[in-house]
file my_file24.csv (CSV, C-alpha atoms and all ligand atoms)
chain,number,residue,atom,x,y,z
A,19,MET,CA,-101.2,-64.4,39.9
A,20,ALA,CA,-98.1,-62.6,38.8
A,21,ALA,CA,-95.6,-61.9,41.5
A,22,ALA,CA,-95.3,-58.3,42.6
A,23,PRO,CA,-92.4,-56.5,40.8
A,24,THR,CA,-90.3,-56.0,43.9
A,25,GLU,CA,-90.4,-59.8,44.7
A,26,GLU,CA,-89.3,-60.6,41.2
A,27,ILE,CA,-86.3,-58.3,41.5
A,28,ARG,CA,-85.4,-59.9,44.8
A,29,ALA,CA,-85.6,-63.4,43.3
A,30,ASN,CA,-83.1,-62.4,40.5
A,31,ALA,CA,-81.3,-60.0,42.8
A,32,TYR,CA,-77.8,-61.6,42.4
A,33,VAL,CA,-75.9,-59.6,39.9
A,34,GLY,CA,-72.5,-61.0,40.7
A,35,PHE,CA,-70.5,-58.0,41.7
A,36,ASP,CA,-69.0,-60.0,44.5
A,37,THR,CA,-66.7,-61.6,41.9
A,38,ILE,CA,-64.9,-58.3,41.7
A,39,THR,CA,-62.4,-59.6,44.2
A,40,ASN,CA,-61.5,-62.4,41.8
A,41,GLN,CA,-61.3,-60.0,38.9
A,42,ILE,CA,-59.0,-57.7,40.8
A,43,GLU,CA,-56.9,-60.7,41.9
A,44,HIS,CA,-56.6,-61.9,38.3
A,45,LYS,CA,-55.5,-58.5,37.1
A,46,LEU,CA,-53.0,-58.1,39.8
A,47,LEU,CA,-51.5,-61.5,39.4
A,48,LYS,CA,-51.1,-60.8,35.7
A,49,ARG,CA,-49.4,-57.5,36.3
A,50,GLY,CA,-47.3,-58.7,39.3
A,51,PHE,CA,-45.9,-56.6,42.1
A,52,GLN,CA,-43.1,-54.2,42.4
A,53,PHE,CA,-41.1,-53.9,45.6
A,54,ASN,CA,-38.1,-51.6,46.1
A,55,VAL,CA,-35.8,-51.7,49.1
A,56,ILE,CA,-32.7,-49.6,50.0
A,57,VAL,CA,-30.1,-50.4,52.6
A,58,VAL,CA,-28.4,-47.6,54.5
A,59,GLY,CA,-25.9,-47.5,57.4
A,60,GLN,CA,-22.3,-47.1,58.4
A,61,THR,CA,-19.6,-49.0,56.4
A,62,GLY,CA,-18.9,-52.6,57.2
A,63,LEU,CA,-22.1,-53.4,59.1
A,64,GLY,CA,-23.2,-56.1,56.7
A,65,LYS,CA,-25.6,-54.4,54.4
A,66,SER,CA,-24.6,-56.2,51.2
A,67,THR,CA,-24.4,-59.4,53.1
A,68,LEU,CA,-27.9,-59.1,54.6
A,69,ILE,CA,-29.5,-58.4,51.2
A,70,ASN,CA,-28.0,-61.6,49.9
A,71,THR,CA,-29.2,-63.4,53.0
A,72,ILE,CA,-32.8,-62.3,52.7
A,73,PHE,CA,-33.2,-63.2,49.1
A,74,ALA,CA,-30.6,-65.8,49.2
A,75,SER,CA,-31.9,-68.7,47.2
A,76,HIS,CA,-33.2,-66.4,44.5
A,77,LEU,CA,-30.2,-64.1,44.2
A,78,ILE,CA,-27.1,-66.1,45.0
A,79,ASP,CA,-27.7,-69.7,44.4
A,80,SER,CA,-29.6,-69.5,41.2
A,81,LYS,CA,-27.3,-66.9,39.7
A,82,GLY,CA,-24.1,-68.1,41.3
A,83,ARG,CA,-23.0,-64.6,41.7
A,84,PHE,CA,-21.0,-65.1,44.9
A,85,THR,CA,-18.7,-67.8,46.0
A,86,ALA,CA,-17.2,-68.2,49.5
A,87,ASP,CA,-13.6,-67.5,48.4
A,88,GLU,CA,-14.4,-64.2,46.7
A,89,PRO,CA,-12.8,-61.3,48.5
A,90,VAL,CA,-14.9,-59.1,50.7
A,91,ARG,CA,-16.1,-56.2,48.7
A,92,GLN,CA,-16.9,-52.7,49.9
A,93,THR,CA,-19.8,-51.0,48.2
A,94,THR,CA,-18.5,-47.9,46.5
A,95,GLU,CA,-21.6,-46.5,44.7
A,96,ILE,CA,-25.4,-46.6,44.9
A,97,GLN,CA,-26.3,-49.6,43.0
A,98,ALA,CA,-29.7,-51.0,42.1
A,99,VAL,CA,-30.2,-54.6,41.2
A,100,SER,CA,-33.4,-56.0,39.8
A,101,HIS,CA,-34.8,-59.5,40.1
A,102,VAL,CA,-38.0,-61.2,39.3
A,103,ILE,CA,-39.2,-63.7,41.8
A,104,VAL,CA,-42.1,-66.0,41.2
A,105,GLU,CA,-43.8,-67.9,44.0
A,106,ASN,CA,-47.0,-69.9,43.3
A,107,GLY,CA,-47.7,-68.0,40.2
A,108,VAL,CA,-47.3,-64.6,41.9
A,109,LYS,CA,-44.7,-62.4,40.3
A,110,LEU,CA,-42.7,-60.0,42.4
A,111,ARG,CA,-40.3,-57.6,40.7
A,112,LEU,CA,-37.7,-56.7,43.3
A,113,ASN,CA,-35.3,-53.8,43.1
A,114,ILE,CA,-32.6,-53.8,45.7
A,115,VAL,CA,-30.6,-50.7,46.1
A,116,ASP,CA,-27.3,-51.1,47.9
A,117,THR,CA,-25.5,-48.0,49.1
A,118,PRO,CA,-21.9,-47.3,50.2
A,119,GLY,CA,-21.5,-47.2,54.0
A,120,TYR,CA,-20.9,-43.8,55.5
A,121,GLY,CA,-19.3,-42.5,58.6
A,122,ASP,CA,-15.6,-43.2,58.1
A,123,GLN,CA,-14.7,-39.7,57.0
A,124,ILE,CA,-13.4,-37.1,59.5
A,125,ASN,CA,-16.2,-34.8,58.5
A,126,ASN,CA,-19.4,-36.7,57.9
A,127,GLU,CA,-21.5,-33.6,57.2
A,128,GLY,CA,-23.9,-34.2,54.3
A,129,CYS,CA,-22.8,-37.8,53.8
A,130,TRP,CA,-26.4,-38.8,53.6
A,131,ASP,CA,-27.3,-36.3,50.8
A,132,PRO,CA,-26.7,-38.7,47.9
A,133,ILE,CA,-29.1,-41.3,49.5
A,134,ILE,CA,-31.8,-38.8,50.1
A,135,LYS,CA,-31.3,-37.4,46.6
A,136,TYR,CA,-31.6,-40.9,45.2
A,137,ILE,CA,-35.0,-41.5,47.0
A,138,LYS,CA,-36.3,-38.1,45.9
A,139,ASP,CA,-35.2,-38.6,42.3
A,140,GLN,CA,-37.4,-41.7,42.1
A,141,HIS,CA,-40.4,-39.7,43.3
A,142,SER,CA,-39.6,-37.0,40.9
A,143,ALA,CA,-39.3,-39.5,38.0
A,144,TYR,CA,-42.6,-41.0,38.9
A,145,LEU,CA,-44.3,-37.6,39.1
A,146,ARG,CA,-42.9,-36.6,35.7
A,147,LYS,CA,-44.3,-39.8,34.1
A,148,GLU,CA,-47.6,-39.2,35.8
A,149,LEU,CA,-47.8,-35.7,34.4
A,150,THR,CA,-47.1,-36.4,30.8
A,151,ALA,CA,-50.1,-36.0,28.5
A,152,MET,CA,-49.7,-39.5,27.1
A,153,ARG,CA,-48.9,-41.2,30.3
A,154,ASP,CA,-48.5,-45.0,30.3
A,155,ARG,CA,-51.3,-47.0,31.7
A,156,TYR,CA,-48.8,-48.7,34.0
A,157,ILE,CA,-46.0,-46.5,35.2
A,158,GLN,CA,-42.8,-48.3,36.1
A,159,ASP,CA,-42.4,-47.8,39.8
A,160,THR,CA,-38.9,-47.2,41.2
A,161,ARG,CA,-40.1,-45.4,44.3
A,162,ILE,CA,-38.4,-46.8,47.4
A,163,HIS,CA,-40.9,-48.7,49.6
A,164,CYS,CA,-38.6,-49.6,52.4
A,165,CYS,CA,-35.3,-48.4,53.9
A,166,LEU,CA,-33.5,-50.9,56.0
A,167,PHE,CA,-31.4,-48.8,58.4
A,168,PHE,CA,-28.4,-50.6,59.9
A,169,ILE,CA,-27.4,-49.8,63.5
A,170,ASN,CA,-24.0,-50.5,64.9
A,171,PRO,CA,-24.2,-53.2,67.6
A,172,THR,CA,-22.4,-51.1,70.2
A,173,GLY,CA,-24.8,-51.8,73.0
A,174,HIS,CA,-24.6,-48.1,74.0
A,175,SER,CA,-26.8,-45.7,72.2
A,176,LEU,CA,-27.4,-44.4,68.7
A,177,ARG,CA,-24.5,-42.3,67.3
A,178,PRO,CA,-25.5,-38.7,66.7
A,179,ILE,CA,-24.9,-39.2,62.9
A,180,ASP,CA,-27.3,-42.2,62.9
A,181,THR,CA,-30.0,-40.1,64.6
A,182,ILE,CA,-29.6,-37.3,62.0
A,183,VAL,CA,-29.6,-39.7,59.0
A,184,MET,CA,-32.6,-41.7,60.3
A,185,LYS,CA,-34.5,-38.5,61.0
A,186,LYS,CA,-33.9,-37.2,57.4
A,187,LEU,CA,-34.7,-40.6,55.9
A,188,SER,CA,-38.0,-41.0,57.8
A,189,GLU,CA,-39.2,-37.8,56.2
A,190,VAL,CA,-39.1,-39.3,52.7
A,191,VAL,CA,-39.3,-43.1,53.1
A,192,ASN,CA,-40.5,-45.9,55.3
A,193,VAL,CA,-37.6,-46.6,57.7
A,194,VAL,CA,-37.1,-50.1,59.3
A,195,PRO,CA,-34.2,-50.1,61.7
A,196,VAL,CA,-32.2,-53.2,62.3
A,197,ILE,CA,-29.3,-54.0,64.7
A,198,ALA,CA,-26.5,-55.2,62.5
A,199,LYS,CA,-24.2,-58.1,63.4
A,200,SER,CA,-26.3,-58.9,66.5
A,201,ASP,CA,-24.2,-62.1,67.1
A,202,SER,CA,-21.9,-59.8,68.9
A,203,LEU,CA,-24.4,-59.0,71.7
A,204,THR,CA,-25.5,-61.3,74.5
A,205,ILE,CA,-29.3,-61.8,75.0
A,206,ASP,CA,-29.4,-59.3,77.8
A,207,GLU,CA,-27.3,-56.7,76.0
A,208,ARG,CA,-29.5,-57.1,73.0
A,209,ASP,CA,-32.8,-56.6,74.8
A,210,GLN,CA,-31.4,-53.5,76.7
A,211,PHE,CA,-30.0,-52.1,73.5
A,212,LYS,CA,-33.3,-52.5,71.7
A,213,ALA,CA,-35.2,-50.8,74.5
A,214,LYS,CA,-32.7,-48.0,74.5
A,215,ILE,CA,-32.9,-47.4,70.8
A,216,ARG,CA,-36.7,-47.4,70.9
A,217,GLU,CA,-36.5,-44.7,73.6
A,218,GLU,CA,-34.1,-42.6,71.6
A,219,LEU,CA,-36.3,-42.9,68.5
A,220,ALA,CA,-39.2,-41.6,70.5
A,221,TYR,CA,-37.2,-38.9,72.1
A,222,ASN,CA,-35.9,-37.6,68.8
A,223,ASN,CA,-39.3,-37.9,67.2
A,224,ILE,CA,-38.2,-40.3,64.5
A,225,ARG,CA,-41.2,-41.9,63.0
A,226,VAL,CA,-40.2,-45.4,61.9
A,227,PHE,CA,-42.4,-47.9,60.1
A,228,PRO,CA,-45.0,-49.3,60.8
A,229,PHE,CA,-47.3,-46.4,61.7
A,230,ASP,CA,-51.0,-46.5,62.1
A,231,THR,CA,-53.3,-44.7,59.7
A,232,ASP,CA,-57.0,-43.9,60.0
A,233,GLU,CA,-57.7,-46.9,57.7
A,234,ASN,CA,-56.2,-49.5,60.1
A,235,ASP,CA,-58.7,-51.7,61.9
A,236,GLU,CA,-58.2,-53.0,65.4
A,237,GLU,CA,-56.4,-56.2,64.3
A,238,GLU,CA,-53.9,-54.2,62.2
A,239,VAL,CA,-53.3,-51.8,65.0
A,240,GLN,CA,-52.6,-54.7,67.3
A,241,ILE,CA,-50.2,-56.4,64.8
A,242,ASN,CA,-48.3,-53.1,64.4
A,243,GLU,CA,-48.1,-52.7,68.1
A,244,THR,CA,-46.4,-56.1,68.4
A,245,ILE,CA,-43.9,-55.1,65.7
A,246,ARG,CA,-43.2,-51.8,67.3
A,247,GLU,CA,-42.3,-53.6,70.5
A,248,MET,CA,-39.9,-55.8,68.6
A,249,ILE,CA,-38.2,-53.0,66.6
A,250,PRO,CA,-35.3,-52.8,65.8
A,251,PHE,CA,-34.8,-56.3,64.5
A,252,ALA,CA,-31.6,-57.8,65.7
A,253,VAL,CA,-30.2,-59.6,62.7
A,254,VAL,CA,-27.3,-61.7,61.5
A,255,GLY,CA,-26.3,-62.1,57.9
A,256,SER,CA,-24.3,-64.7,56.1
A,257,GLU,CA,-23.6,-65.6,52.5
A,258,SER,CA,-22.4,-69.1,53.2
A,259,ASN,CA,-23.9,-72.3,54.4
A,260,VAL,CA,-22.7,-74.4,57.3
A,261,ILE,CA,-23.7,-77.9,58.2
A,262,ILE,CA,-25.8,-78.4,61.4
A,263,ASP,CA,-27.0,-81.9,62.3
A,264,GLY,CA,-26.3,-83.0,58.8
A,265,LYS,CA,-28.3,-80.2,57.3
A,266,SER,CA,-27.0,-77.3,55.3
A,267,VAL,CA,-28.1,-74.0,56.7
A,268,ARG,CA,-27.2,-70.3,56.2
A,269,GLY,CA,-25.0,-69.4,59.2
A,270,ARG,CA,-21.8,-68.2,60.6
A,271,LYS,CA,-19.3,-70.6,62.1
A,272,ASN,CA,-17.1,-69.5,65.0
A,273,ARG,CA,-14.6,-71.3,67.2
A,274,TRP,CA,-17.3,-71.7,69.8
A,275,GLY,CA,-20.2,-72.6,67.7
A,276,VAL,CA,-22.5,-71.8,64.9
A,277,VAL,CA,-25.1,-69.0,64.5
A,278,ASN,CA,-27.9,-70.3,62.4
A,279,VAL,CA,-29.3,-67.2,60.7
A,280,GLU,CA,-32.8,-68.8,60.2
A,281,ASP,CA,-33.1,-70.0,63.8
A,282,GLU,CA,-35.5,-67.7,65.7
A,283,THR,CA,-33.7,-68.4,69.0
A,284,HIS,CA,-30.4,-67.2,67.5
A,285,CYS,CA,-31.5,-63.9,65.9
A,286,GLU,CA,-34.5,-62.1,64.5
A,287,PHE,CA,-33.7,-62.5,60.8
A,288,VAL,CA,-36.7,-64.6,60.2
A,289,ASN,CA,-39.0,-62.1,61.9
A,290,LEU,CA,-37.6,-59.4,59.7
A,291,ARG,CA,-38.1,-61.4,56.5
A,292,ASN,CA,-41.6,-62.3,57.5
A,293,PHE,CA,-42.4,-58.8,58.3
A,294,LEU,CA,-41.1,-57.6,54.9
A,295,THR,CA,-42.5,-60.2,52.7
A,296,ARG,CA,-45.4,-61.9,54.5
A,297,SER,CA,-47.1,-59.3,56.8
A,298,HIS,CA,-46.3,-55.8,55.6
A,299,LEU,CA,-45.3,-55.9,51.9
A,300,GLN,CA,-48.6,-54.3,50.8
A,301,ASP,CA,-48.5,-51.8,53.6
A,302,LEU,CA,-45.0,-50.7,52.7
A,303,ILE,CA,-46.1,-50.2,49.1
A,304,GLU,CA,-49.3,-48.4,50.0
A,305,THR,CA,-47.8,-46.0,52.6
A,306,THR,CA,-45.1,-45.0,50.2
A,307,ALA,CA,-47.7,-44.0,47.6
A,308,GLN,CA,-50.1,-42.4,50.1
A,309,ILE,CA,-47.8,-40.7,52.5
A,310,HIS,CA,-44.3,-40.2,51.2
A,311,TYR,CA,-45.0,-39.8,47.5
A,312,GLU,CA,-48.1,-37.7,48.2
A,313,ALA,CA,-46.2,-35.3,50.4
A,314,PHE,CA,-43.5,-34.9,47.7
A,315,ARG,CA,-46.1,-34.6,44.9
A,316,SER,CA,-48.1,-31.9,46.6
A,317,LYS,CA,-45.0,-29.9,47.5
A,318,GLN,CA,-43.8,-30.0,43.9
A,319,LEU,CA,-47.1,-29.1,42.4
A,320,LEU,CA,-47.6,-26.2,44.8
A,321,ALA,CA,-44.2,-24.9,44.0
A,322,LEU,CA,-45.0,-25.2,40.3
A,323,LYS,CA,-48.3,-23.3,40.8
A,324,GLU,CA,-46.6,-20.5,42.7
A,325,GLY,CA,-43.9,-20.3,40.1
A,326,VAL,CA,-46.6,-19.8,37.4
A,327,ALA,CA,-48.4,-17.3,39.5
A,328,GLN,CA,-45.3,-15.2,40.0
A,329,ARG,CA,-44.2,-15.3,36.4
A,330,PRO,CA,-45.0,-11.9,34.8
A,331,ALA,CA,-47.8,-12.0,32.3
A,332,PRO,CA,-46.7,-12.0,28.7
A,333,ALA,CA,-46.8,-8.5,27.1
A,334,ALA,CA,-49.9,-8.0,24.9
B,1,LIG,N1,-20.2,-61.2,62.8
B,1,LIG,C1,-20.9,-60.8,61.8
B,1,LIG,N2,-20.3,-60.4,60.6
B,1,LIG,C2,-21.0,-60.1,59.6
B,1,LIG,C3,-22.4,-60.1,59.6
B,1,LIG,N3,-22.9,-59.7,58.4
B,1,LIG,C4,-21.8,-59.4,57.6
B,1,LIG,N4,-20.6,-59.6,58.3
B,1,LIG,C5,-19.3,-59.5,57.8
B,1,LIG,O1,-18.9,-58.1,57.8
B,1,LIG,C6,-18.1,-57.7,56.7
B,1,LIG,C7,-18.7,-56.6,55.9
B,1,LIG,O2,-19.9,-57.0,55.3
B,1,LIG,P1,-20.6,-56.2,54.1
B,1,LIG,O3,-21.8,-56.8,53.8
B,1,LIG,O4,-19.6,-56.0,53.0
B,1,LIG,O5,-20.8,-54.7,54.8
B,1,LIG,P2,-21.5,-53.4,54.1
B,1,LIG,O6,-22.3,-52.8,55.1
B,1,LIG,O7,-22.1,-53.7,52.8
B,1,LIG,O8,-20.2,-52.5,53.9
B,1,LIG,P3,-20.0,-51.3,52.9
B,1,LIG,O9,-20.3,-51.7,51.6
B,1,LIG,O10,-18.6,-50.8,53.1
B,1,LIG,O11,-21.0,-50.2,53.4
B,1,LIG,C8,-18.0,-59.0,55.9
B,1,LIG,O12,-16.7,-59.6,56.3
B,1,LIG,C9,-19.1,-59.9,56.4
B,1,LIG,O13,-18.8,-61.2,56.3
B,1,LIG,C10,-23.1,-60.5,60.8
B,1,LIG,O14,-24.3,-60.6,60.9
B,1,LIG,N5,-22.3,-60.8,61.8
B,2,MG,MG,-21.8,-53.1,50.9
call {"tool": "encode", "arguments": {"input": "my_file24.csv", "output": "structure tokens", "more": "lines below"}}
Ligand SMILES: Nc1nc2c(ncn2[C@@H]2O[C@H](COP(=O)(O)OP(=O)(O)OP(=O)(O)O)[C@@H](O)[C@H]2O)c(=O)[nH]1
Ligand SMILES: [Mg+2]
result
Amino acid sequence: MAAAPTEEIRANAYVGFDTITNQIEHKLLKRGFQFNVIVVGQTGLGKSTLINTIFASHLIDSKGRFTADEPVRQTTEIQAVSHVIVENGVKLRLNIVDTPGYGDQINNEGCWDPIIKYIKDQHSAYLRKELTAMRDRYIQDTRIHCCLFFINPTGHSLRPIDTIVMKKLSEVVNVVPVIAKSDSLTIDERDQFKAKIREELAYNNIRVFPFDTDENDEEEVQINETIREMIPFAVVGSESNVIIDGKSVRGRKNRWGVVNVEDETHCEFVNLRNFLTRSHLQDLIETTAQIHYEAFRSKQLLALKEGVAQRPAPAA
């Protein structure tokens, strides 16, 4: 007796759409990922140094761009550098935007404008490409996914200018605050300073990354909570290597000892790097598109629509 039609369908029910995850993976791997970071903060806090520390082996050693005896250079203009990093067949296109430090003028009013403008310009460029009739299938993405904001390790509180700049930045980009040169703080000072900054961020209503969205499940909310308790990351940067126990490590050598940048008991550099590259890379990219860019886009399009509506109709 022939099987009932429904049973037949059940027997051959596997149609294979579960392979879509492999298909997506294959596509994504082929295309690679784009990640754009900007560093912002007062002058001399070690922004350029930290960039070179985070992506050290890729940026400095392989290209030999910096040597220990090169003079300290002050960044004088907004500068984007691109690199392609490949790890286990995954291609990451990295844009790092270094900015000149601010805050050493008598009048610092508006010193943040060029940085905000730079970030908005990237949104604007993306929107323009999106709106062209013959848009590319894959739009080159220069939108900034993460802004590392450098805080002076004073141990007191945020300077008013930092509060203003962070507030402005947080409206257009994912802000990740870090305490610069944290080798200058003792452990107690560091913990107190971190708590104080968290308080001030909350008091001033500054929304730093990561923030929870409706899509986050319980586990993600939990991870974000741990990160929020840790923020701002207290980091140390170094462009040179020192020898500890016969091993060459990235660190800073003083009269009284050595700070090993990659030692988690010394500073939170590794936590920051893991956060940026291992746990929240995708989240940073996604929230930029879904929150910051979306806000920019809808504002622009609304303005455009109103402009059209207000324009007088052409005479017949
Ligand atoms: N103690 C200490 N010194 C650091 C650290 N990071 C950088 N420095 C030193 O601070 C000085 C300034 O570093 P830069 O990286 O040029 O600072 P910057 O923020 O890029 O400065 P601008 O380009 O002027 O904004 C250099 O002499 C660095 O070696 C750190 O974590 N601890
Ligand atoms: Mg610099």
call {"tool": "residues_near_ligand", "arguments": {"input": "my_file24.csv", "ligand": "ligand MG 2 (chain B)", "cutoff": "6 Å", "atoms": "only C-alpha atoms and all ligand atoms", "output": "PyMOL selection string"}}
result
chain A and resi 65-66+92-93+118
call {"tool": "atom_distance", "arguments": {"input": "my_file24.csv", "atom1": "atom N2 of ligand LIG 1 (chain B)", "atom2": "atom CA of A:Lys199"}}
result
5.3 Å
call {"tool": "residues_near_ligand", "arguments": {"input": "my_file24.csv", "ligand": "ligand LIG 1 (chain B)", "cutoff": "7 Å", "atoms": "all atoms listed in the file", "output": "list in words"}}
result
Gly59, Gln60, Thr61, Gly62, Leu63, Gly64, Lys65, Ser66, Thr67, Leu68, Val90, Arg91, Gln92, Thr93, Thr94, Thr117, Pro118, Gly119, Tyr120, Ala198, Lys199, Ser200, Asp201, Ser202, Val253, Val254, Gly255 and Ser256 of chain A
call {"tool": "closest_residue", "arguments": {"input": "my_file24.csv", "among": "A:Phe293, A:Phe168, A:Phe73, A:Phe211", "to": "A:Arg268", "atoms": "all atoms listed in the file"}}
result
A:Phe73
call {"tool": "atom_distance", "arguments": {"input": "my_file24.csv", "atom1": "atom CA of A:Arg246", "atom2": "atom CA of A:Phe227"}}
result
8.2 Å
call {"tool": "atom_distance", "arguments": {"input": "my_file24.csv", "atom1": "atom CA of A:Asn278", "atom2": "atom CA of A:Asn259"}}
result
9.2 Å
call {"tool": "residues_around", "arguments": {"input": "my_file24.csv", "residues": "A:Leu319", "least_positions_apart": "6", "cutoff": "12 Å", "atoms": "only C-alpha atoms", "output": "ChimeraX atom specification"}}
result
/A:142,145-146,149,312-313,325-326
call {"tool": "write_last_selection", "arguments": {"input": "my_file24.csv", "atoms": "C-alpha atoms", "output": "PDB file, in the frame of the given file"}}
result
ATOM      1  CA  SER A 142     -39.600 -37.000  40.900  1.00  0.00           C
ATOM      2  CA  LEU A 145     -44.300 -37.600  39.100  1.00  0.00           C
ATOM      3  CA  ARG A 146     -42.900 -36.600  35.700  1.00  0.00           C
ATOM      4  CA  LEU A 149     -47.800 -35.700  34.400  1.00  0.00           C
ATOM      5  CA  GLU A 312     -48.100 -37.700  48.200  1.00  0.00           C
ATOM      6  CA  ALA A 313     -46.200 -35.300  50.400  1.00  0.00           C
ATOM      7  CA  GLY A 325     -43.900 -20.300  40.100  1.00  0.00           C
ATOM      8  CA  VAL A 326     -46.600 -19.800  37.400  1.00  0.00           C
TER       9      VAL A 326
END
call {"tool": "residues_around", "arguments": {"input": "my_file24.csv", "residues": "A:Cys165", "least_positions_apart": "5", "cutoff": "12 Å", "atoms": "only C-alpha atoms", "output": "VMD selection string"}}
result
chain A and resid 53 to 59 65 69 114 to 117 133 to 134 137 183 to 184 186 to 196 226 to 228 294 302 to 303 306
call {"tool": "residues_around", "arguments": {"input": "my_file24.csv", "residues": "A:Gln52", "least_positions_apart": "2", "cutoff": "12 Å", "atoms": "only C-alpha atoms", "output": "number ranges by chain"}}
result
A: 46-47, 49-50, 54-55, 100-104, 108-114, 156-164, 295, 299-300, 302-304
call {"tool": "write_last_selection", "arguments": {"input": "my_file24.csv", "atoms": "C-alpha atoms", "output": "compact mmCIF listing (two decimals), in the frame of the given file"}}
result
# COMPACT_ATOMS: atom_id res chain seq x y z
CA LEU A 46 -53.00 -58.10 39.80
CA LEU A 47 -51.50 -61.50 39.40
CA ARG A 49 -49.40 -57.50 36.30
CA GLY A 50 -47.30 -58.70 39.30
CA ASN A 54 -38.10 -51.60 46.10
CA VAL A 55 -35.80 -51.70 49.10
CA SER A 100 -33.40 -56.00 39.80
CA HIS A 101 -34.80 -59.50 40.10
CA VAL A 102 -38.00 -61.20 39.30
CA ILE A 103 -39.20 -63.70 41.80
CA VAL A 104 -42.10 -66.00 41.20
CA VAL A 108 -47.30 -64.60 41.90
CA LYS A 109 -44.70 -62.40 40.30
CA LEU A 110 -42.70 -60.00 42.40
CA ARG A 111 -40.30 -57.60 40.70
CA LEU A 112 -37.70 -56.70 43.30
CA ASN A 113 -35.30 -53.80 43.10
CA ILE A 114 -32.60 -53.80 45.70
CA TYR A 156 -48.80 -48.70 34.00
CA ILE A 157 -46.00 -46.50 35.20
CA GLN A 158 -42.80 -48.30 36.10
CA ASP A 159 -42.40 -47.80 39.80
CA THR A 160 -38.90 -47.20 41.20
CA ARG A 161 -40.10 -45.40 44.30
CA ILE A 162 -38.40 -46.80 47.40
CA HIS A 163 -40.90 -48.70 49.60
CA CYS A 164 -38.60 -49.60 52.40
CA THR A 295 -42.50 -60.20 52.70
CA LEU A 299 -45.30 -55.90 51.90
CA GLN A 300 -48.60 -54.30 50.80
CA LEU A 302 -45.00 -50.70 52.70
CA ILE A 303 -46.10 -50.20 49.10
CA GLU A 304 -49.30 -48.40 50.00
call {"tool": "closest_residue", "arguments": {"input": "my_file24.csv", "among": "A:Cys285, A:Cys129, A:Ala321, A:Leu166", "to": "A:Ile205", "atoms": "only C-alpha atoms"}}
result
A:Cys285
call {"tool": "residues_around", "arguments": {"input": "my_file24.csv", "residues": "A:Phe287", "least_positions_apart": "3", "cutoff": "8 Å", "atoms": "all atoms listed in the file", "output": "ChimeraX atom specification"}}
result
/A:251-255,279-280,282,290-291
call {"tool": "closest_residue", "arguments": {"input": "my_file24.csv", "among": "A:Gly173, A:Pro178, A:Lys323, A:Tyr32", "to": "A:Ala213", "atoms": "all atoms listed in the file"}}
result
A:Gly173
call {"tool": "closest_residue", "arguments": {"input": "my_file24.csv", "among": "A:Asn125, A:Asn70, A:Gln308, A:Ser175", "to": "A:Gln210", "atoms": "only C-alpha atoms"}}
result
A:Ser175
